[in-house]
>>> print(open('entry00.csv').read())   # CSV, C-alpha atoms
chain,number,residue,atom,x,y,z
A,115,MET,CA,3.3,-3.8,-7.5
A,116,ARG,CA,-0.4,-4.5,-6.9
A,117,MET,CA,-0.1,-3.2,-3.3
A,118,LYS,CA,1.7,-0.1,-4.5
A,119,LYS,CA,-1.0,0.7,-7.0
A,120,ALA,CA,-3.6,0.3,-4.3
A,121,VAL,CA,-1.7,2.7,-2.1
A,122,ILE,CA,-1.5,5.2,-4.9
A,123,ARG,CA,-5.3,5.0,-5.5
A,124,ARG,CA,-5.9,5.3,-1.8
A,125,HIS,CA,-3.9,8.5,-1.4
A,126,GLN,CA,-4.4,10.0,-4.8
A,127,THR,CA,-4.9,13.8,-5.0
A,128,VAL,CA,-5.6,15.5,-8.3
A,129,TYR,CA,-4.7,19.0,-9.2
A,130,ARG,CA,-6.1,20.9,-12.1
A,131,SER,CA,-2.8,22.7,-12.8
A,132,GLY,CA,-0.5,20.7,-15.0
A,133,VAL,CA,2.5,22.1,-13.3
A,134,MET,CA,1.5,20.4,-10.1
A,135,ALA,CA,1.7,17.0,-11.7
A,136,VAL,CA,5.4,16.9,-10.6
A,137,VAL,CA,4.3,17.5,-7.0
A,138,LEU,CA,1.6,14.9,-7.2
A,139,LEU,CA,4.0,12.3,-8.6
A,140,LEU,CA,6.5,12.9,-5.8
A,141,ILE,CA,4.0,12.9,-3.1
A,142,THR,CA,2.7,9.6,-4.4
A,143,LEU,CA,6.2,8.1,-4.5
A,144,PHE,CA,6.8,9.4,-1.0
A,145,LEU,CA,3.6,7.7,0.3
A,146,THR,CA,4.4,4.4,-1.4
A,147,GLY,CA,7.9,4.3,0.1
A,148,GLN,CA,9.6,4.7,-3.2
A,149,GLY,CA,10.7,8.2,-2.3
A,150,MET,CA,13.8,9.8,-3.6
A,151,THR,CA,16.0,7.1,-5.1
A,152,GLU,CA,18.8,7.2,-7.5
A,153,GLU,CA,16.5,5.8,-10.2
A,154,LEU,CA,14.3,8.9,-10.3
A,155,SER,CA,15.8,12.1,-11.6
A,156,VAL,CA,14.7,15.6,-10.6
A,157,PRO,CA,12.9,17.7,-13.3
A,158,GLU,CA,15.0,20.1,-15.4
A,159,ALA,CA,13.5,23.1,-13.5
A,160,MET,CA,15.1,21.7,-10.3
A,161,VAL,CA,18.5,21.3,-12.1
A,162,SER,CA,18.1,24.9,-13.5
A,163,LEU,CA,17.3,26.2,-10.0
A,164,GLN,CA,20.4,24.7,-8.5
A,165,GLU,CA,22.5,26.1,-11.3
A,166,HIS,CA,21.0,29.6,-11.0
A,167,LEU,CA,21.7,29.5,-7.2
A,168,ASN,CA,25.3,28.4,-7.9
A,169,MET,CA,24.8,25.1,-6.0
A,170,SER,CA,26.4,21.8,-6.7
A,171,VAL,CA,23.9,20.2,-9.0
A,172,SER,CA,22.3,16.9,-7.9
A,173,ARG,CA,20.0,15.1,-10.3
A,174,ASP,CA,18.7,12.7,-7.7
A,175,TRP,CA,16.1,13.7,-5.1
A,176,ARG,CA,18.1,12.7,-2.0
A,177,GLY,CA,21.0,14.8,-3.1
A,178,ALA,CA,18.8,17.7,-4.0
A,179,ALA,CA,17.2,17.6,-0.5
A,180,GLN,CA,20.6,17.7,1.1
A,181,GLY,CA,21.7,20.6,-1.1
A,182,PHE,CA,18.6,22.7,-0.5
A,183,SER,CA,18.9,22.2,3.3
A,184,ARG,CA,21.2,25.2,3.2
A,185,TRP,CA,18.2,27.4,2.5
A,186,ALA,CA,16.0,25.9,5.3
A,187,ARG,CA,15.2,27.9,8.5
A,188,LYS,CA,17.2,27.1,11.6
A,189,PRO,CA,15.3,25.6,14.6
A,190,GLY,CA,13.1,28.3,16.2
A,191,GLN,CA,13.5,30.7,13.3
A,192,GLU,CA,10.4,32.2,11.6
A,193,ARG,CA,10.0,32.7,7.9
A,194,TRP,CA,10.0,36.5,8.2
A,195,GLU,CA,13.3,36.4,10.0
A,196,LEU,CA,15.1,34.9,7.0
A,197,ALA,CA,17.8,37.1,5.4
A,198,GLU,CA,17.1,38.0,1.8
A,199,LEU,CA,19.3,36.7,-1.0
A,200,ASP,CA,21.7,38.9,-2.7
A,201,LEU,CA,21.1,38.2,-6.4
A,202,SER,CA,21.3,40.3,-9.5
A,203,PRO,CA,18.0,41.2,-11.1
A,204,ASP,CA,18.6,38.9,-14.0
A,205,LYS,CA,19.5,36.0,-11.7
A,206,GLU,CA,16.5,36.7,-9.5
A,207,THR,CA,14.2,36.5,-12.6
A,208,GLN,CA,15.7,33.2,-13.6
A,209,VAL,CA,15.2,31.8,-10.1
A,210,GLN,CA,11.6,33.0,-10.0
A,211,GLU,CA,10.9,31.3,-13.4
A,212,ASP,CA,12.4,28.0,-12.1
A,213,LEU,CA,10.1,28.2,-9.0
A,214,ARG,CA,7.2,28.8,-11.3
A,215,GLN,CA,8.0,25.8,-13.4
A,216,LEU,CA,8.2,23.7,-10.2
A,217,GLY,CA,4.7,24.8,-9.2
A,218,PHE,CA,5.5,27.1,-6.2
A,219,VAL,CA,3.8,30.2,-7.7
A,220,GLN,CA,0.6,29.4,-9.5
A,221,ALA,CA,-2.9,29.3,-7.9
A,222,LEU,CA,-4.2,25.9,-7.1
A,223,LYS,CA,-8.0,25.3,-7.7
A,224,PRO,CA,-10.2,22.6,-6.4
A,225,VAL,CA,-11.2,19.6,-8.6
A,226,LYS,CA,-14.5,18.8,-7.0
A,227,GLU,CA,-17.5,21.0,-5.9
A,228,GLN,CA,-18.5,19.3,-2.7
A,229,TYR,CA,-16.4,18.4,0.4
A,230,ASP,CA,-17.0,17.4,3.9
A,231,TYR,CA,-14.4,19.8,5.4
A,232,GLY,CA,-13.0,23.2,4.5
A,233,VAL,CA,-9.7,23.5,6.4
A,234,ILE,CA,-7.8,26.7,6.8
A,235,LEU,CA,-4.2,26.3,8.0
A,236,GLY,CA,-2.8,28.8,10.6
A,237,ALA,CA,-0.3,31.4,9.5
A,238,THR,CA,0.6,35.0,10.1
A,239,CYS,CA,-2.5,37.2,10.3
A,240,PRO,CA,-2.2,38.4,6.7
A,241,GLY,CA,-1.7,34.8,5.5
A,242,MET,CA,-4.8,33.6,7.4
A,243,LEU,CA,-6.9,36.5,6.1
A,244,GLU,CA,-5.8,35.7,2.5
A,245,ARG,CA,-6.7,32.0,3.0
A,246,ILE,CA,-10.1,32.9,4.5
A,247,HIS,CA,-10.9,35.2,1.6
A,248,TYR,CA,-9.7,32.6,-1.0
A,249,LEU,CA,-12.0,30.0,0.5
A,250,ALA,CA,-14.9,32.6,0.4
A,251,GLU,CA,-14.0,33.2,-3.2
A,252,LEU,CA,-14.3,29.5,-4.0
A,253,TRP,CA,-17.6,29.4,-2.2
A,254,ARG,CA,-18.9,32.2,-4.4
A,255,GLU,CA,-17.8,30.1,-7.4
A,256,GLY,CA,-19.9,27.2,-6.3
A,257,VAL,CA,-17.6,25.1,-4.2
A,258,ARG,CA,-19.3,23.7,-1.0
A,259,PHE,CA,-18.2,22.0,2.2
A,260,ASN,CA,-20.2,21.0,5.3
A,261,ARG,CA,-17.9,22.2,8.1
A,262,LEU,CA,-15.1,24.8,8.5
A,263,VAL,CA,-12.0,23.9,10.5
A,264,PHE,CA,-9.2,26.3,11.5
A,265,LEU,CA,-6.0,24.5,12.4
A,266,THR,CA,-4.2,27.1,14.5
A,267,GLY,CA,-2.1,27.2,17.6
A,268,GLN,CA,-0.8,29.4,20.4
A,269,ARG,CA,2.0,31.1,18.5
A,270,PRO,CA,2.4,34.5,20.1
A,271,LEU,CA,1.6,37.3,17.6
A,272,ASP,CA,4.6,39.2,16.2
A,273,PRO,CA,3.8,42.9,15.3
A,274,SER,CA,6.5,42.8,12.6
A,275,ALA,CA,4.8,40.0,10.8
A,276,ASP,CA,1.1,39.8,11.9
A,277,HIS,CA,0.1,43.5,11.5
A,278,PHE,CA,-3.2,42.7,13.2
A,279,GLN,CA,-4.3,46.2,13.9
A,280,SER,CA,-3.8,47.4,10.4
A,281,LEU,CA,-5.7,44.3,9.1
A,282,MET,CA,-8.6,45.3,11.4
A,283,LYS,CA,-8.6,48.8,10.0
A,284,SER,CA,-8.8,47.5,6.5
A,285,LEU,CA,-11.8,45.3,7.4
A,286,GLN,CA,-13.4,48.3,9.1
A,287,GLN,CA,-14.0,49.8,5.7
A,288,LYS,CA,-16.5,47.0,4.9
A,289,THR,CA,-18.0,46.3,8.3
A,290,ASP,CA,-18.3,47.6,11.9
A,291,VAL,CA,-15.1,46.3,13.3
A,292,ALA,CA,-14.5,46.7,17.0
A,293,HIS,CA,-11.2,48.2,18.3
A,294,PHE,CA,-8.9,45.6,19.6
A,295,SER,CA,-6.3,47.1,21.9
A,296,GLY,CA,-5.1,46.6,25.4
A,297,ASP,CA,-6.8,43.6,27.0
A,298,ALA,CA,-9.0,43.1,23.9
A,299,ALA,CA,-6.1,42.5,21.6
A,300,PRO,CA,-5.5,38.9,20.6
A,301,MET,CA,-2.4,37.3,22.2
A,302,HIS,CA,-1.8,34.4,19.8
A,303,GLU,CA,-2.7,32.9,16.4
A,304,THR,CA,-5.9,31.2,17.4
A,305,GLU,CA,-7.4,34.3,19.0
A,306,ALA,CA,-6.5,36.3,15.9
A,307,ALA,CA,-8.1,33.6,13.7
A,308,ARG,CA,-11.3,33.9,15.6
A,309,LEU,CA,-11.5,37.6,15.1
A,310,LEU,CA,-10.4,37.5,11.4
A,311,TYR,CA,-13.1,35.0,10.7
A,312,LEU,CA,-15.7,37.0,12.7
A,313,TYR,CA,-15.1,40.2,10.6
A,314,ALA,CA,-14.0,38.9,7.2
A,315,ASP,CA,-16.2,39.5,4.2
A,316,LEU,CA,-17.9,36.1,3.9
A,317,PRO,CA,-21.1,34.9,2.1
A,318,GLN,CA,-24.0,34.6,4.5
A,319,SER,CA,-24.5,31.0,3.5
A,320,MET,CA,-20.9,30.2,4.4
A,321,ARG,CA,-21.4,32.0,7.8
A,322,LYS,CA,-24.1,29.4,8.7
A,323,LEU,CA,-21.6,26.5,8.7
A,324,PRO,CA,-20.4,25.0,11.9
A,325,VAL,CA,-16.9,26.1,12.7
A,326,ASP,CA,-14.1,24.5,14.7
A,327,PHE,CA,-11.0,26.3,16.0
A,328,ILE,CA,-8.3,23.8,16.8
A,329,ASP,CA,-6.2,25.6,19.4
A,330,THR,CA,-2.9,23.7,19.6
A,331,ALA,CA,-0.7,24.5,22.6
A,332,ARG,CA,3.0,25.3,22.6
A,333,THR,CA,5.5,22.9,24.0
A,334,TRP,CA,8.4,23.5,26.4
A,335,GLN,CA,11.7,22.4,24.9
A,336,HIS,CA,15.2,23.1,26.0
A,337,GLN,CA,14.4,26.2,28.1
A,338,HIS,CA,12.1,27.8,25.6
A,339,TRP,CA,8.5,27.6,24.3
A,340,LEU,CA,8.2,25.9,20.8
A,341,ARG,CA,5.2,27.0,18.8
A,342,PRO,CA,3.1,24.3,17.1
A,343,ASN,CA,3.7,23.6,13.4
A,344,THR,CA,1.4,22.3,10.7
A,345,ARG,CA,1.9,18.7,11.8
A,346,ASP,CA,1.1,19.5,15.4
A,347,THR,CA,-2.2,21.2,14.5
A,348,VAL,CA,-3.3,18.3,12.3
A,349,ARG,CA,-2.6,15.9,15.1
A,350,SER,CA,-4.6,18.1,17.5
A,351,TRP,CA,-7.6,18.0,15.1
A,352,LEU,CA,-7.4,14.2,14.7
A,353,GLN,CA,-7.4,13.8,18.5
A,354,ASN,CA,-11.0,15.0,18.3
A,355,ARG,CA,-11.8,11.9,16.1
A,356,PRO,CA,-13.4,13.7,13.1
A,357,THR,CA,-15.3,11.5,10.8
A,358,ALA,CA,-13.2,10.5,7.8
A,359,GLY,CA,-14.2,12.4,4.7
A,360,SER,CA,-13.1,14.7,1.9
A,361,VAL,CA,-10.9,17.7,2.9
A,362,LEU,CA,-10.4,20.9,1.0
A,363,MET,CA,-7.4,22.5,2.6
A,364,VAL,CA,-6.4,26.1,2.0
A,365,SER,CA,-2.7,27.0,2.1
A,366,THR,CA,-0.8,29.8,0.3
A,367,GLN,CA,2.0,29.7,-2.1
A,368,PRO,CA,4.8,28.7,-1.9
A,369,HIS,CA,3.9,26.5,1.1
A,370,ALA,CA,1.2,24.4,-0.5
A,371,ALA,CA,3.3,21.4,-1.6
A,372,TYR,CA,5.0,21.1,1.8
A,373,GLN,CA,1.8,21.5,3.8
A,374,HIS,CA,0.0,19.0,1.6
A,375,ALA,CA,2.7,16.4,2.1
A,376,VAL,CA,2.6,16.9,5.9
A,377,VAL,CA,-1.2,16.7,6.2
A,378,ARG,CA,-1.5,13.8,3.8
A,379,ASP,CA,1.1,12.0,6.0
A,380,GLU,CA,-1.1,12.4,9.1
A,381,LEU,CA,-4.5,11.7,7.7
A,382,ALA,CA,-5.8,8.2,8.1
A,383,ASP,CA,-7.4,6.0,5.4
A,384,GLY,CA,-10.8,7.2,4.4
A,385,PHE,CA,-9.7,10.9,4.1
A,386,TYR,CA,-9.5,12.5,0.7
A,387,LEU,CA,-7.3,15.6,0.6
A,388,GLU,CA,-7.1,18.4,-1.9
A,389,THR,CA,-4.9,21.4,-1.3
A,390,VAL,CA,-5.7,24.8,-2.9
A,391,ALA,CA,-4.0,28.1,-2.7
A,392,PRO,CA,-4.1,31.6,-4.2
A,393,GLY,CA,-1.3,32.3,-6.5
A,394,ILE,CA,1.5,34.7,-5.7
A,395,THR,CA,0.5,38.1,-7.0
A,396,LYS,CA,3.1,40.3,-5.4
A,397,ASP,CA,6.8,40.2,-4.7
A,398,GLN,CA,7.6,37.2,-2.5
A,399,SER,CA,10.8,36.8,-0.6
A,400,LEU,CA,13.1,34.4,-2.4
A,401,ALA,CA,14.5,33.3,0.9
A,402,VAL,CA,11.0,32.3,2.0
A,403,MET,CA,10.4,30.5,-1.3
A,404,LEU,CA,13.6,28.5,-1.1
A,405,ASP,CA,12.8,27.6,2.5
A,406,ALA,CA,9.5,26.2,1.2
A,407,VAL,CA,11.4,24.1,-1.4
A,408,ALA,CA,13.8,22.9,1.3
A,409,SER,CA,10.9,22.0,3.6
A,410,TRP,CA,9.1,20.1,0.9
A,411,LEU,CA,12.1,18.1,-0.2
A,412,LYS,CA,12.9,17.2,3.4
A,413,GLN,CA,9.3,16.0,3.9
A,414,LEU,CA,9.5,13.8,0.8
A,415,ASP,CA,12.7,12.1,2.1
A,416,PRO,CA,11.5,8.7,3.5
A,417,ALA,CA,14.7,8.3,5.4
A,418,GLN,CA,13.7,11.2,7.6
A,419,VAL,CA,10.0,11.4,7.8
A,420,LEU,CA,8.2,8.4,6.1
A,421,ASN,CA,5.3,7.2,8.2
A,422,PRO,CA,5.4,3.4,8.2
A,423,ALA,CA,1.6,3.2,8.5
A,424,LEU,CA,1.4,4.6,4.9
A,425,SER,CA,3.9,2.2,3.5
A,426,PRO,CA,2.9,-1.0,1.6
>>> encode(input="entry00.csv", output="structure tokens")
Amino acid sequence: MRMKKAVIRRHQTVYRSGVMAVVLLLITLFLTGQGMTEELSVPEAMVSLQEHLNMSVSRDWRGAAQGFSRWARKPGQERWELAELDLSPDKETQVQEDLRQLGFVQALKPVKEQYDYGVILGATCPGMLERIHYLAELWREGVRFNRLVFLTGQRPLDPSADHFQSLMKSLQQKTDVAHFSGDAAPMHETEAARLLYLYADLPQSMRKLPVDFIDTARTWQHQHWLRPNTRDTVRSWLQNRPTAGSVLMVSTQPHAAYQHAVVRDELADGFYLETVAPGITKDQSLAVMLDAVASWLKQLDPAQVLNPALSP
């Protein structure tokens, strides 16, 4: 028990939002190897979510993870390729409320004011720009960090999801944005991140920070190229041997819980991690939200992904 308490302290992350206490508890159990056992029941919001989705209800975490796997993306499938759910308006409202109760909707704010690293996770271009602007908003509110890190990769841009040209036009209203077409157009996520950062509306004091763009390569698997995921980009960063310190990581809802669990799993002792995210302010695909729940539950399953180095 003493060892488990030590591990909890070593990997503790505090969220200001009370709803995220559930996420914190489960991440802590995951890290200590206690994971999803028959002894720990899911919260009532998880039971309610299963009922509203007409699923077989599991009150233990392992069973819930197995049940929600039906909503997960297939290998190689992107989030924007998911088919939308066919739910009645009343049922959709109920599901949205369950997801809010579970902490997949609200904004997550930082606890401290000073960090060693501000880390922006790669995403589609709209997602990355939202994360950049959210970090800039936190900077204007007084949050500080010493270095900015983009964890990105060579995912080819998809016009149906990235909308890079339209984003550049929106930024052009505030600054002198160059025209990026033909050979000047970015080919993948890292190149887009560089340009979004270059032209985003940032405080001048934030502009003076050193910036690292971690460009993670694709891998060749089974006759196709596999794009890097969150875990791959974190590992690429750690290969550069960054000095251990406090990390303020920016995600977006509903992916914050899953991405926090993945990154926490990879960071070595000595790193302190907080994950922040803007709240969902517009209609979000329920298919994408349920995929986020499925990914999070799978990540919390020690039988599948527990890193022995973090176990007591």
>>> residues_around(input="entry00.csv", residues="Ala371 of chain A", least_positions_apart="3", cutoff="8 Å", atoms="only C-alpha atoms", output="ChimeraX atom specification")
/A:137,218,368,374-375,410
>>> write_last_selection(input="entry00.csv", atoms="C-alpha atoms", output="compact mmCIF listing (two decimals), in the coordinates of the input")
# COMPACT_ATOMS: atom_id res chain seq x y z
CA VAL A 137 4.30 17.50 -7.00
CA PHE A 218 5.50 27.10 -6.20
CA PRO A 368 4.80 28.70 -1.90
CA HIS A 374 0.00 19.00 1.60
CA ALA A 375 2.70 16.40 2.10
CA TRP A 410 9.10 20.10 0.90
>>> residues_around(input="entry00.csv", residues="Glu255 of chain A", least_positions_apart="6", cutoff="12 Å", atoms="all atoms listed in the file", output="mmCIF file with C-alpha atoms, in the frame of the given file")
data_model
loop_
_atom_site.group_PDB
_atom_site.id
_atom_site.type_symbol
_atom_site.label_atom_id
_atom_site.label_comp_id
_atom_site.auth_asym_id
_atom_site.auth_seq_id
_atom_site.Cartn_x
_atom_site.Cartn_y
_atom_site.Cartn_z
ATOM 1 C CA LYS A 223 -8.000 25.300 -7.700
ATOM 2 C CA PRO A 224 -10.200 22.600 -6.400
ATOM 3 C CA LYS A 226 -14.500 18.800 -7.000
ATOM 4 C CA GLU A 227 -17.500 21.000 -5.900
ATOM 5 C CA GLN A 228 -18.500 19.300 -2.700
ATOM 6 C CA TYR A 248 -9.700 32.600 -1.000
ATOM 7 C CA LEU A 249 -12.000 30.000 0.500
ATOM 8 C CA PRO A 317 -21.100 34.900 2.100
#
>>> atom_distance(input="entry00.csv", atom1="atom CA of Pro270 of chain A", atom2="atom CA of Glu303 of chain A")
6.5 Å
>>> residues_around(input="entry00.csv", residues="Gly359 of chain A", least_positions_apart="2", cutoff="7 Å", atoms="all atoms listed in the file", output="list in words")
Asp230, Thr357, Val361, Gly384, Phe385 and Tyr386 of chain A
>>> closest_residue(input="entry00.csv", among="A:Asp346, A:Ser274, A:Asp379, A:Trp253", to="Gln318 of chain A", atoms="all atoms listed in the file")
A:Trp253
>>> residues_near_point(input="entry00.csv", point="(12.7, 39.1, -2.4)", cutoff="7 Å", atoms="all atoms listed in the file", output="list in words")
Glu198, Asp397, Gln398, Ser399, Leu400 and Ala401 of chain A
>>> write_last_selection(input="entry00.csv", atoms="C-alpha atoms", output="mmCIF file, keeping the file's coordinate frame")
data_model
loop_
_atom_site.group_PDB
_atom_site.id
_atom_site.type_symbol
_atom_site.label_atom_id
_atom_site.label_comp_id
_atom_site.auth_asym_id
_atom_site.auth_seq_id
_atom_site.Cartn_x
_atom_site.Cartn_y
_atom_site.Cartn_z
ATOM 1 C CA GLU A 198 17.100 38.000 1.800
ATOM 2 C CA ASP A 397 6.800 40.200 -4.700
ATOM 3 C CA GLN A 398 7.600 37.200 -2.500
ATOM 4 C CA SER A 399 10.800 36.800 -0.600
ATOM 5 C CA LEU A 400 13.100 34.400 -2.400
ATOM 6 C CA ALA A 401 14.500 33.300 0.900
#
>>> residues_around(input="entry00.csv", residues="Ala307 of chain A", least_positions_apart="3", cutoff="9 Å", atoms="only C-alpha atoms", output="list of chain:residue names")
A:Gly236, A:Cys239, A:Met242, A:Leu243, A:Phe264, A:Thr266, A:His302, A:Glu303, A:Thr304, A:Leu310, A:Tyr311, A:Leu312, A:Phe327
>>> write_last_selection(input="entry00.csv", atoms="C-alpha atoms", output="PDB file, in the coordinates of the input")
ATOM      1  CA  GLY A 236      -2.800  28.800  10.600  1.00  0.00           C
ATOM      2  CA  CYS A 239      -2.500  37.200  10.300  1.00  0.00           C
ATOM      3  CA  MET A 242      -4.800  33.600   7.400  1.00  0.00           C
ATOM      4  CA  LEU A 243      -6.900  36.500   6.100  1.00  0.00           C
ATOM      5  CA  PHE A 264      -9.200  26.300  11.500  1.00  0.00           C
ATOM      6  CA  THR A 266      -4.200  27.100  14.500  1.00  0.00           C
ATOM      7  CA  HIS A 302      -1.800  34.400  19.800  1.00  0.00           C
ATOM      8  CA  GLU A 303      -2.700  32.900  16.400  1.00  0.00           C
ATOM      9  CA  THR A 304      -5.900  31.200  17.400  1.00  0.00           C
ATOM     10  CA  LEU A 310     -10.400  37.500  11.400  1.00  0.00           C
ATOM     11  CA  TYR A 311     -13.100  35.000  10.700  1.00  0.00           C
ATOM     12  CA  LEU A 312     -15.700  37.000  12.700  1.00  0.00           C
ATOM     13  CA  PHE A 327     -11.000  26.300  16.000  1.00  0.00           C
TER      14      PHE A 327
END
>>> residues_around(input="entry00.csv", residues="Glu211 of chain A", least_positions_apart="3", cutoff="12 Å", atoms="all atoms listed in the file", output="count of residues only")
18
>>> atom_distance(input="entry00.csv", atom1="atom CA of Leu213 of chain A", atom2="atom CA of Ala250 of chain A")
27.1 Å
>>> atom_distance(input="entry00.csv", atom1="atom CA of Pro324 of chain A", atom2="atom CA of Arg261 of chain A")
5.3 Å
>>> closest_residue(input="entry00.csv", among="A:Asp174, A:Val377, A:His369, A:Tyr229", to="Gly241 of chain A", atoms="all atoms listed in the file")
A:His369
